[in-house]
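Novice: Provided herewith is a single structure, encoded as C-alpha cells, for subsequent inquiry.
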Amino acid sequence: MASAASWTSFLKSITSYNGDLASLTAPPFILSPVSLVEYSQYWAEHPNLLLAPNFISNNPKTQSDNDDDDNDDDDDYEADEDNIDVKKILAVTKWFIATLKSQYCSRNESMGSEKKPLNPFLGELFTGKWSSVSKDPKDSKDLGETILLSEQVSHHPPITAYAIINEKHNTTLQGYNRIKASIYTYTLSVKQFGHAILQYKNSNDSYLITLPGLHIEGLLAASPFVELDGKSYIQSSSGYLSAIEYSGRGYFSGKKNTFKAKIIKNNEAKINLKKKSPEKILYTIQGQWSEKSYISKYNSSAKKLFYDANLIKPEILSVKPIEAQHPLESRKAWLDVAEAIKSGDYDLIHNKKSKLENDQRELRKIEIENNTPWKNRWFTEIDLSGKELPALGQKSDPFTTLSTLANLSKNDVPSGTPIGDKEDDPNAHSKHWRLNIDAYKNESEITP
Ligand code: 0T9
C-alpha cells in the first residue's frame with residue numbers, strides 16, 4: 001500500500017519534470033544501488049565477440065564450406081562471404097547486437113524491472129577486468145585480459161566516459177555518453193549523445209558506433225522497462241555501414257526488442273535522407289536483439305541464424321573487493337547509500353545520499369576558492385570543429401573520417417544524427433571525450 005501511494009506521488013512529480021532527472025525523488029523500491037558509471041561494463045560482456053574481428057583472416061573457402069551450404073542449419077553464414085571487410089563489419093555488428101541485452105535488459109533480469117541508477121559524482125571511477133577464458137565453449141582462442149576504465153567526467157550535465165582495452169590483441173573501444181530526457185504523458189523519452197570508437201590496431205580497422213534513442217515504458221504499472229527506438233549506425237574505416245533500426249512491441253512486428261540491420265557499402269548509398277535511389281543492401285539482419293536474429297544475403301531468401309542472445313551467458317567483469325578500492329571508486333564511495341537502498345529505509349537512503357552530495361558541494365566550493373578546478377583522471381575533451389588543426393604530432397581523430405563517410409554530424413547533437421537533419425544543430429560545439437593514453441599508462445594508484 002505504502003509503495004503504491006509513493007509511486008502515485010512520484011508519477012505526479014514527473015508531470016512537472018524540468019529536464020533534470022536527478023531532481024526526481026523516486027520511491028526506494030525503484031532505486032538501484034548501482035551507479036550509472038558502472039553501465040560502461042555492458043559493452044564487453046561478450047569479450048570473445050568484441051575481439052572476434054582480430055581472428056578474421058583471408059582464408060580461402062574450404063571445400064566443406066561449399067558442400068553443406070543449404071541443408072545445414074548450424075552452418076556459419078560467415079563461410080559464405082569472402083570479402084574480409086564485409087566479414088569484419090558483420091562480426092562487429094554481431095558484437096554490438098550482443099551488447100544490447102546487457103545494456104537494456106540486465107536490470108530487469110537482476111532486479112525485476114528497470115531501476116533509477118545512482119547519479120555519479122564528478123570524478124567517480126569504475127574499473128574491472130575480464131579474464132582471458134571465453135565463455136563460449138566453441139572458442140578456444142587466447143583472448144588475453146580485457147580491462148575497463150570508466151569515469152564520470154562531468155556532473156552538470158552527467159557525462160560518463162569509458163575505455164575498454166585489450167593489450168594482447170591491440171584492441172580499444174572508447175566512448176562517452178550523456179542523455180537528454182523528456183516526458184510525454186507517462187513515457188520517458190531519452191536521446192543519447194556521444195558515440196564509441198572501436199579500434200583494431202593490428203589490422204588498422206576502426207569503427208564508429210552511434211547510440212540509439214530509447215524510451216521508458218511501464219511507468220503507470222510501476223514496472224518500467226526500456227524500449228529502443230530510431231536508428232543507430234556502425235561505420236567502418238573500410239567503407240561499410242551497418243544501419244540498424246529499432247522498434248518495440250507496439251510497432252510493426254508486434255514483438256518486443258525488434259531490430260533490422262542493413263549492411264551497405266558506403267559509396268553505393270550514403271545514409272539517405274531523401275531515399276531517392278534504392279540502396280544496394282549486402283545483408284539484412286532481423287529479429288529480436290534480446291532473443292534470436294537471422295541474416296539473409298542480398299537477393300537470397302535463405303535465412304541463417306545470426307545471433308541467439310540466450311545461448312551464451314554474459315561474462316561479468318571482476319572487480320576488486322571494496323576494501324581494496326580507492327575512495328573515488330564507485331562501489332566504495334556509494335557503499336553506505338547502496339546498503340541503505342537494499343534495506344529499503346527511506347530516511348537512511350536520504351541521509352547517506354545527502355552526506356555524499358554535501359561533501360561534493362563542499363569540494364566544488366574549495367576548488368573555486370583556491371582556483372584549483374577538478375582534473376579529470378583518464379579522459380580529456382577534444383575539439384573536432386576543424387577550426388584548429390591538430391597540434392604537431394597529434395593524429396587526426398577517427399570520428400572525423402568515419403562520421404564523414406557515414407554522412408553523420410560531427411557536432412554534439414543526438415548520436416547518429418545525419419548531416420542536415422532537423423536535429424543537426426549547426427551551433428552545437430564539436431567537443432568529444434577521449435581516452436588520455438598517457439594518463440592510463442602512468443596510472444599507478446588505481447588498478448582494475
Ligand atoms: C548508457 C543505458 C543508459 C546509459 C541509461 C535512461 C536511464 C539512464 C541512462 C542510456 C548505457 O550504455 C545504456 C541504459 C539504461 C538507461 C537508463 C534507463 C533509465 O530508466 C534511466 C533513467 C535516468 C531513469 O532512471 C528514469 C527514472 C525511473 C523511474 C525509471 C526506472
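Quick note on naming: the chains in the C-alpha cells go A, B, ... in the order shown, residues restart at 1 in each chain, and ligands are numbered from 1 in order of appearance.
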Excluding Thr401 of chain A and residues on its chain fewer than 3 positions from it, collect all residues at most 12 Å away from it, counting only C-alpha atoms, and give them as a short mmCIF file (atom, residue, chain, number, x, y, z; two decimals) with all heavy atoms, in the first residue's frame.

Specialist:
```cif
data_model
loop_
_atom_site.label_atom_id
_atom_site.label_comp_id
_atom_site.auth_asym_id
_atom_site.auth_seq_id
_atom_site.Cartn_x
_atom_site.Cartn_y
_atom_site.Cartn_z
N ILE A 197 34.16 4.58 -30.29
CA ILE A 197 35.09 4.29 -31.38
C ILE A 197 35.82 3.01 -31.04
O ILE A 197 36.38 2.86 -29.95
CB ILE A 197 36.05 5.47 -31.58
CG1 ILE A 197 35.26 6.62 -32.20
CG2 ILE A 197 37.21 5.09 -32.50
CD1 ILE A 197 36.01 7.89 -32.29
N SER A 206 39.04 0.71 -38.00
CA SER A 206 38.29 1.37 -36.94
C SER A 206 36.82 1.49 -37.30
O SER A 206 36.44 1.47 -38.48
CB SER A 206 38.91 2.72 -36.58
OG SER A 206 39.12 3.46 -37.74
N TYR A 207 36.01 1.61 -36.27
CA TYR A 207 34.55 1.64 -36.41
C TYR A 207 33.99 2.74 -35.52
O TYR A 207 34.40 2.89 -34.37
CB TYR A 207 33.94 0.31 -35.97
CG TYR A 207 34.38 -0.85 -36.83
CD1 TYR A 207 35.61 -1.48 -36.57
CD2 TYR A 207 33.62 -1.31 -37.89
CE1 TYR A 207 36.05 -2.53 -37.36
CE2 TYR A 207 34.05 -2.36 -38.68
CZ TYR A 207 35.27 -2.97 -38.42
OH TYR A 207 35.70 -3.99 -39.20
N LEU A 208 33.03 3.47 -36.07
CA LEU A 208 32.26 4.42 -35.28
C LEU A 208 30.94 3.75 -34.90
O LEU A 208 30.27 3.16 -35.75
CB LEU A 208 31.98 5.68 -36.10
CG LEU A 208 30.92 6.63 -35.54
CD1 LEU A 208 31.38 7.27 -34.24
CD2 LEU A 208 30.59 7.71 -36.57
N GLN A 235 29.88 2.46 -38.56
CA GLN A 235 30.59 2.83 -39.79
C GLN A 235 32.02 2.32 -39.72
O GLN A 235 32.73 2.61 -38.76
CB GLN A 235 30.59 4.35 -39.96
CG GLN A 235 31.46 4.85 -41.10
CD GLN A 235 30.96 4.38 -42.47
OE1 GLN A 235 29.80 4.61 -42.81
NE2 GLN A 235 31.82 3.72 -43.24
N SER A 236 32.45 1.57 -40.72
CA SER A 236 33.81 1.04 -40.71
C SER A 236 34.74 1.92 -41.54
O SER A 236 34.32 2.55 -42.52
CB SER A 236 33.84 -0.38 -41.26
OG SER A 236 33.77 -0.37 -42.68
N SER A 237 36.02 1.92 -41.17
CA SER A 237 37.02 2.67 -41.94
C SER A 237 37.22 2.03 -43.32
O SER A 237 37.73 2.67 -44.23
CB SER A 237 38.34 2.71 -41.17
OG SER A 237 38.74 1.39 -40.83
N SER A 238 36.79 0.78 -43.47
CA SER A 238 36.94 0.12 -44.77
C SER A 238 35.80 0.46 -45.73
O SER A 238 35.76 -0.03 -46.86
CB SER A 238 36.99 -1.40 -44.57
OG SER A 238 35.78 -1.84 -43.98
N GLY A 239 34.86 1.31 -45.29
CA GLY A 239 33.83 1.78 -46.22
C GLY A 239 32.52 1.02 -46.21
O GLY A 239 31.80 1.00 -47.20
N LEU A 384 36.74 18.93 -32.21
CA LEU A 384 36.87 18.49 -33.61
C LEU A 384 36.17 19.44 -34.58
O LEU A 384 35.84 19.05 -35.69
CB LEU A 384 36.30 17.07 -33.77
CG LEU A 384 37.01 15.97 -32.98
CD1 LEU A 384 36.31 14.64 -33.20
CD2 LEU A 384 38.47 15.88 -33.37
N GLY A 386 37.34 21.61 -36.29
CA GLY A 386 38.10 21.79 -37.52
C GLY A 386 38.62 23.20 -37.67
O GLY A 386 39.34 23.50 -38.62
N LYS A 395 47.57 12.95 -33.97
CA LYS A 395 46.90 12.34 -35.12
C LYS A 395 45.46 12.83 -35.22
O LYS A 395 44.86 13.19 -34.23
CB LYS A 395 46.94 10.82 -34.99
CG LYS A 395 48.26 10.23 -35.48
CD LYS A 395 48.12 8.74 -35.71
CE LYS A 395 48.25 7.98 -34.42
NZ LYS A 395 47.85 6.63 -34.39
N SER A 396 44.91 12.80 -36.42
CA SER A 396 43.53 13.20 -36.55
C SER A 396 42.64 12.14 -35.90
O SER A 396 43.01 10.97 -35.79
CB SER A 396 43.17 13.39 -38.02
OG SER A 396 43.07 12.13 -38.62
N ASP A 397 41.49 12.53 -35.43
CA ASP A 397 40.62 11.62 -34.69
C ASP A 397 39.77 10.80 -35.67
O ASP A 397 39.24 11.35 -36.63
CB ASP A 397 39.72 12.44 -33.77
CG ASP A 397 38.98 11.56 -32.80
OD1 ASP A 397 37.87 11.09 -33.14
OD2 ASP A 397 39.51 11.32 -31.70
N PRO A 398 39.65 9.49 -35.43
CA PRO A 398 38.86 8.65 -36.35
C PRO A 398 37.42 9.13 -36.53
O PRO A 398 36.81 8.89 -37.58
CB PRO A 398 38.87 7.27 -35.69
CG PRO A 398 39.83 7.32 -34.57
CD PRO A 398 40.25 8.72 -34.34
N THR A 404 32.22 11.47 -41.50
CA THR A 404 32.10 11.98 -42.87
C THR A 404 31.69 10.85 -43.83
O THR A 404 30.77 11.02 -44.64
CB THR A 404 33.43 12.60 -43.33
OG1 THR A 404 33.83 13.56 -42.37
CG2 THR A 404 33.30 13.26 -44.69
N LEU A 405 32.34 9.69 -43.70
CA LEU A 405 31.97 8.54 -44.54
C LEU A 405 30.49 8.21 -44.41
O LEU A 405 29.83 7.88 -45.39
CB LEU A 405 32.77 7.31 -44.09
CG LEU A 405 34.08 6.97 -44.78
CD1 LEU A 405 34.74 5.78 -44.09
CD2 LEU A 405 33.83 6.66 -46.26
N ALA A 406 29.98 8.27 -43.20
CA ALA A 406 28.58 7.88 -42.96
C ALA A 406 27.60 9.03 -43.19
O ALA A 406 26.40 8.83 -43.07
CB ALA A 406 28.43 7.36 -41.53
N ASN A 407 28.14 10.22 -43.45
CA ASN A 407 27.29 11.40 -43.60
C ASN A 407 26.58 11.79 -42.30
O ASN A 407 25.44 12.23 -42.29
CB ASN A 407 26.26 11.16 -44.72
CG ASN A 407 25.76 12.46 -45.33
OD1 ASN A 407 26.50 13.42 -45.45
ND2 ASN A 407 24.48 12.50 -45.67
N LEU A 408 27.30 11.61 -41.19
CA LEU A 408 26.73 11.95 -39.88
C LEU A 408 27.36 13.23 -39.34
O LEU A 408 28.52 13.54 -39.62
CB LEU A 408 26.99 10.81 -38.89
CG LEU A 408 26.28 9.49 -39.19
CD1 LEU A 408 26.73 8.41 -38.20
CD2 LEU A 408 24.76 9.65 -39.14
N SER A 409 26.59 13.95 -38.55
CA SER A 409 27.06 15.21 -37.97
C SER A 409 28.21 14.96 -37.00
O SER A 409 28.22 13.98 -36.27
CB SER A 409 25.92 15.91 -37.24
OG SER A 409 26.40 17.05 -36.57
N LYS A 410 29.17 15.89 -37.00
CA LYS A 410 30.31 15.83 -36.09
C LYS A 410 30.03 16.61 -34.81
O LYS A 410 30.84 16.65 -33.91
CB LYS A 410 31.52 16.51 -36.77
CG LYS A 410 32.61 15.57 -37.16
CD LYS A 410 33.82 16.26 -37.79
CE LYS A 410 33.76 17.76 -37.94
NZ LYS A 410 34.96 18.40 -38.46
#
```

Novice: May I have the residues within 6 Å of ligand 1, computed using only C-alpha atoms and all ligand atoms, as a PyMOL selection string?

Specialist: chain A and resi 39-40+103-104+114-117+224

Novice: Run DSSP on the backbone and tell me which residues of segment 35-262 of chain A come out as strand (DSSP E); list them as a ChimeraX atom specification.

Specialist: /A:35,116-118,125-130,146-154,159-166,171-184,187-200,205-210,213-217,225-236,240-247,258-262

Novice: Between A:Pro28, A:Gly254, A:Pro321, A:Gly19, which is the closest to Ile341 of chain A once you count only C-alpha atoms?

Specialist: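 Among A:Pro28, A:Gly254, A:Pro321, A:Gly19, it is A:Pro28 that comes nearest to Ile341 of chain A.
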
Novice: Check the smallest atom-to-atom distance from each of A:Asn204, A:Asn411, A:Asn257, A:Ser247 to Pro426 of chain A using only C-alpha atoms, then report the winner.

Specialist: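 Of the candidates, the smallest distance to Pro426 of chain A is held by A:Asn411.
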
Novice: For each of A:Leu311, A:Leu211, A:Ile368, A:Leu143, take the minimum atom-to-atom distance to Val413 of chain A, counting only C-alpha atoms, then give the residue where this is smallest.

Specialist: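 Among the listed residues, A:Leu211 lies closest to Val413 of chain A.
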
Novice: Just the residues within 10 Å of segment 93-102 of chain A, please, counting only C-alpha atoms, with nothing from its chain fewer than 4 positions along; format it as a PyMOL selection string.

Specialist: chain A and resi 39+41-53+87-89+106-107+109+209+228+233-234+241-244+257+259+261+263+285+288-291+293+306-310+312+314

Novice: Residues near Phe126 of chain A, anyone? I mean within 6 Å using only C-alpha atoms, not counting same-chain ones fewer than 2 positions away, as a list in words.

Specialist: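 After dropping sequence-adjacent residues, the list is Ser150, Glu329 and Ser330 of chain A.
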
Novice: Can you write out the residues you just picked, keeping N, CA and C atoms, as a short mmCIF file (atom, residue, chain, number, x, y, z; two decimals), in the first residue's frame?

Specialist:
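Just written: part00.cif:
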```cif
data_model
loop_
_atom_site.label_atom_id
_atom_site.label_comp_id
_atom_site.auth_asym_id
_atom_site.auth_seq_id
_atom_site.Cartn_x
_atom_site.Cartn_y
_atom_site.Cartn_z
N SER A 150 36.20 3.44 -16.42
CA SER A 150 35.01 4.27 -16.61
C SER A 150 35.11 5.44 -15.64
N GLU A 329 36.48 5.23 -6.17
CA GLU A 329 35.87 4.11 -6.89
C GLU A 329 34.41 3.93 -6.44
N SER A 330 33.58 3.74 -7.46
CA SER A 330 32.13 3.79 -7.29
C SER A 330 31.58 2.96 -6.12
#
```

Novice: Would you kindly return, as a list in words, each protein, DNA or RNA residue with an atom no farther than 12 Å from any atom of Glu78 of chain A, considering only C-alpha atoms and excluding same-chain residues fewer than 5 positions away?

Specialist: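 Near neighbours after the sequence-gap exclusion: Pro53, Ile56, Ser57, Asn58, Asn59, Lys61, Asp65, Asn66, Asp69, Asn83, Ile84, Asp85, Val86, Lys87, Lys88, Ile89, Leu90, Ala91, Lys94, Tyr283, Ile295, Ser296, Lys297, Lys304, Leu305 and Phe306 of chain A.
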
Novice: Create the file for the chosen residues now, containing C-alpha atoms and written as a PDB file, in the first residue's frame.

Specialist:
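Saved file part-v7.pdb follows:
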```
ATOM      1  CA  PRO A  53      37.420  -9.363 -35.841  1.00  0.00           C
ATOM      2  CA  ILE A  56      39.172 -12.981 -39.257  1.00  0.00           C
ATOM      3  CA  SER A  57      41.677 -13.571 -41.986  1.00  0.00           C
ATOM      4  CA  ASN A  58      41.582 -14.001 -45.721  1.00  0.00           C
ATOM      5  CA  ASN A  59      41.192 -17.767 -45.640  1.00  0.00           C
ATOM      6  CA  LYS A  61      36.826 -21.048 -48.834  1.00  0.00           C
ATOM      7  CA  ASP A  65      32.051 -24.862 -46.628  1.00  0.00           C
ATOM      8  CA  ASN A  66      30.736 -25.179 -50.137  1.00  0.00           C
ATOM      9  CA  ASP A  69      25.526 -24.764 -47.557  1.00  0.00           C
ATOM     10  CA  ASN A  83      35.166 -10.157 -48.645  1.00  0.00           C
ATOM     11  CA  ILE A  84      37.174  -9.730 -45.451  1.00  0.00           C
ATOM     12  CA  ASP A  85      35.885  -6.212 -44.755  1.00  0.00           C
ATOM     13  CA  VAL A  86      32.294  -7.405 -45.038  1.00  0.00           C
ATOM     14  CA  LYS A  87      33.087 -10.317 -42.720  1.00  0.00           C
ATOM     15  CA  LYS A  88      34.526  -7.872 -40.221  1.00  0.00           C
ATOM     16  CA  ILE A  89      31.596  -5.464 -40.187  1.00  0.00           C
ATOM     17  CA  LEU A  90      29.282  -8.453 -39.766  1.00  0.00           C
ATOM     18  CA  ALA A  91      31.365  -9.552 -36.772  1.00  0.00           C
ATOM     19  CA  LYS A  94      27.136  -9.209 -34.060  1.00  0.00           C
ATOM     20  CA  TYR A 283      22.992  -8.303 -45.996  1.00  0.00           C
ATOM     21  CA  ILE A 295      20.722 -12.959 -41.537  1.00  0.00           C
ATOM     22  CA  SER A 296      19.996 -13.111 -45.238  1.00  0.00           C
ATOM     23  CA  LYS A 297      22.182 -12.234 -48.152  1.00  0.00           C
ATOM     24  CA  LYS A 304      20.598 -18.272 -41.253  1.00  0.00           C
ATOM     25  CA  LEU A 305      20.876 -17.790 -37.522  1.00  0.00           C
ATOM     26  CA  PHE A 306      22.853 -14.609 -36.830  1.00  0.00           C
TER      27      PHE A 306
END
```

Novice: Any idea what's packed within 12 Å of segment 331-339 of chain A, counting only C-alpha atoms, ignoring anything in its chain fewer than 3 positions away? Could you give it as a ChimeraX atom specification?

Specialist: /A:28,31-38,117-128,319-328,342-357,359-360

Novice: For a quick check of understanding, using only C-alpha atoms, which of A:Leu198, A:Val190, A:Leu24, A:Ala439 has the smallest distance to Val92 of chain A?

Specialist: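 Using only C-alpha atoms, Val92 of chain A sits closest to A:Leu198.
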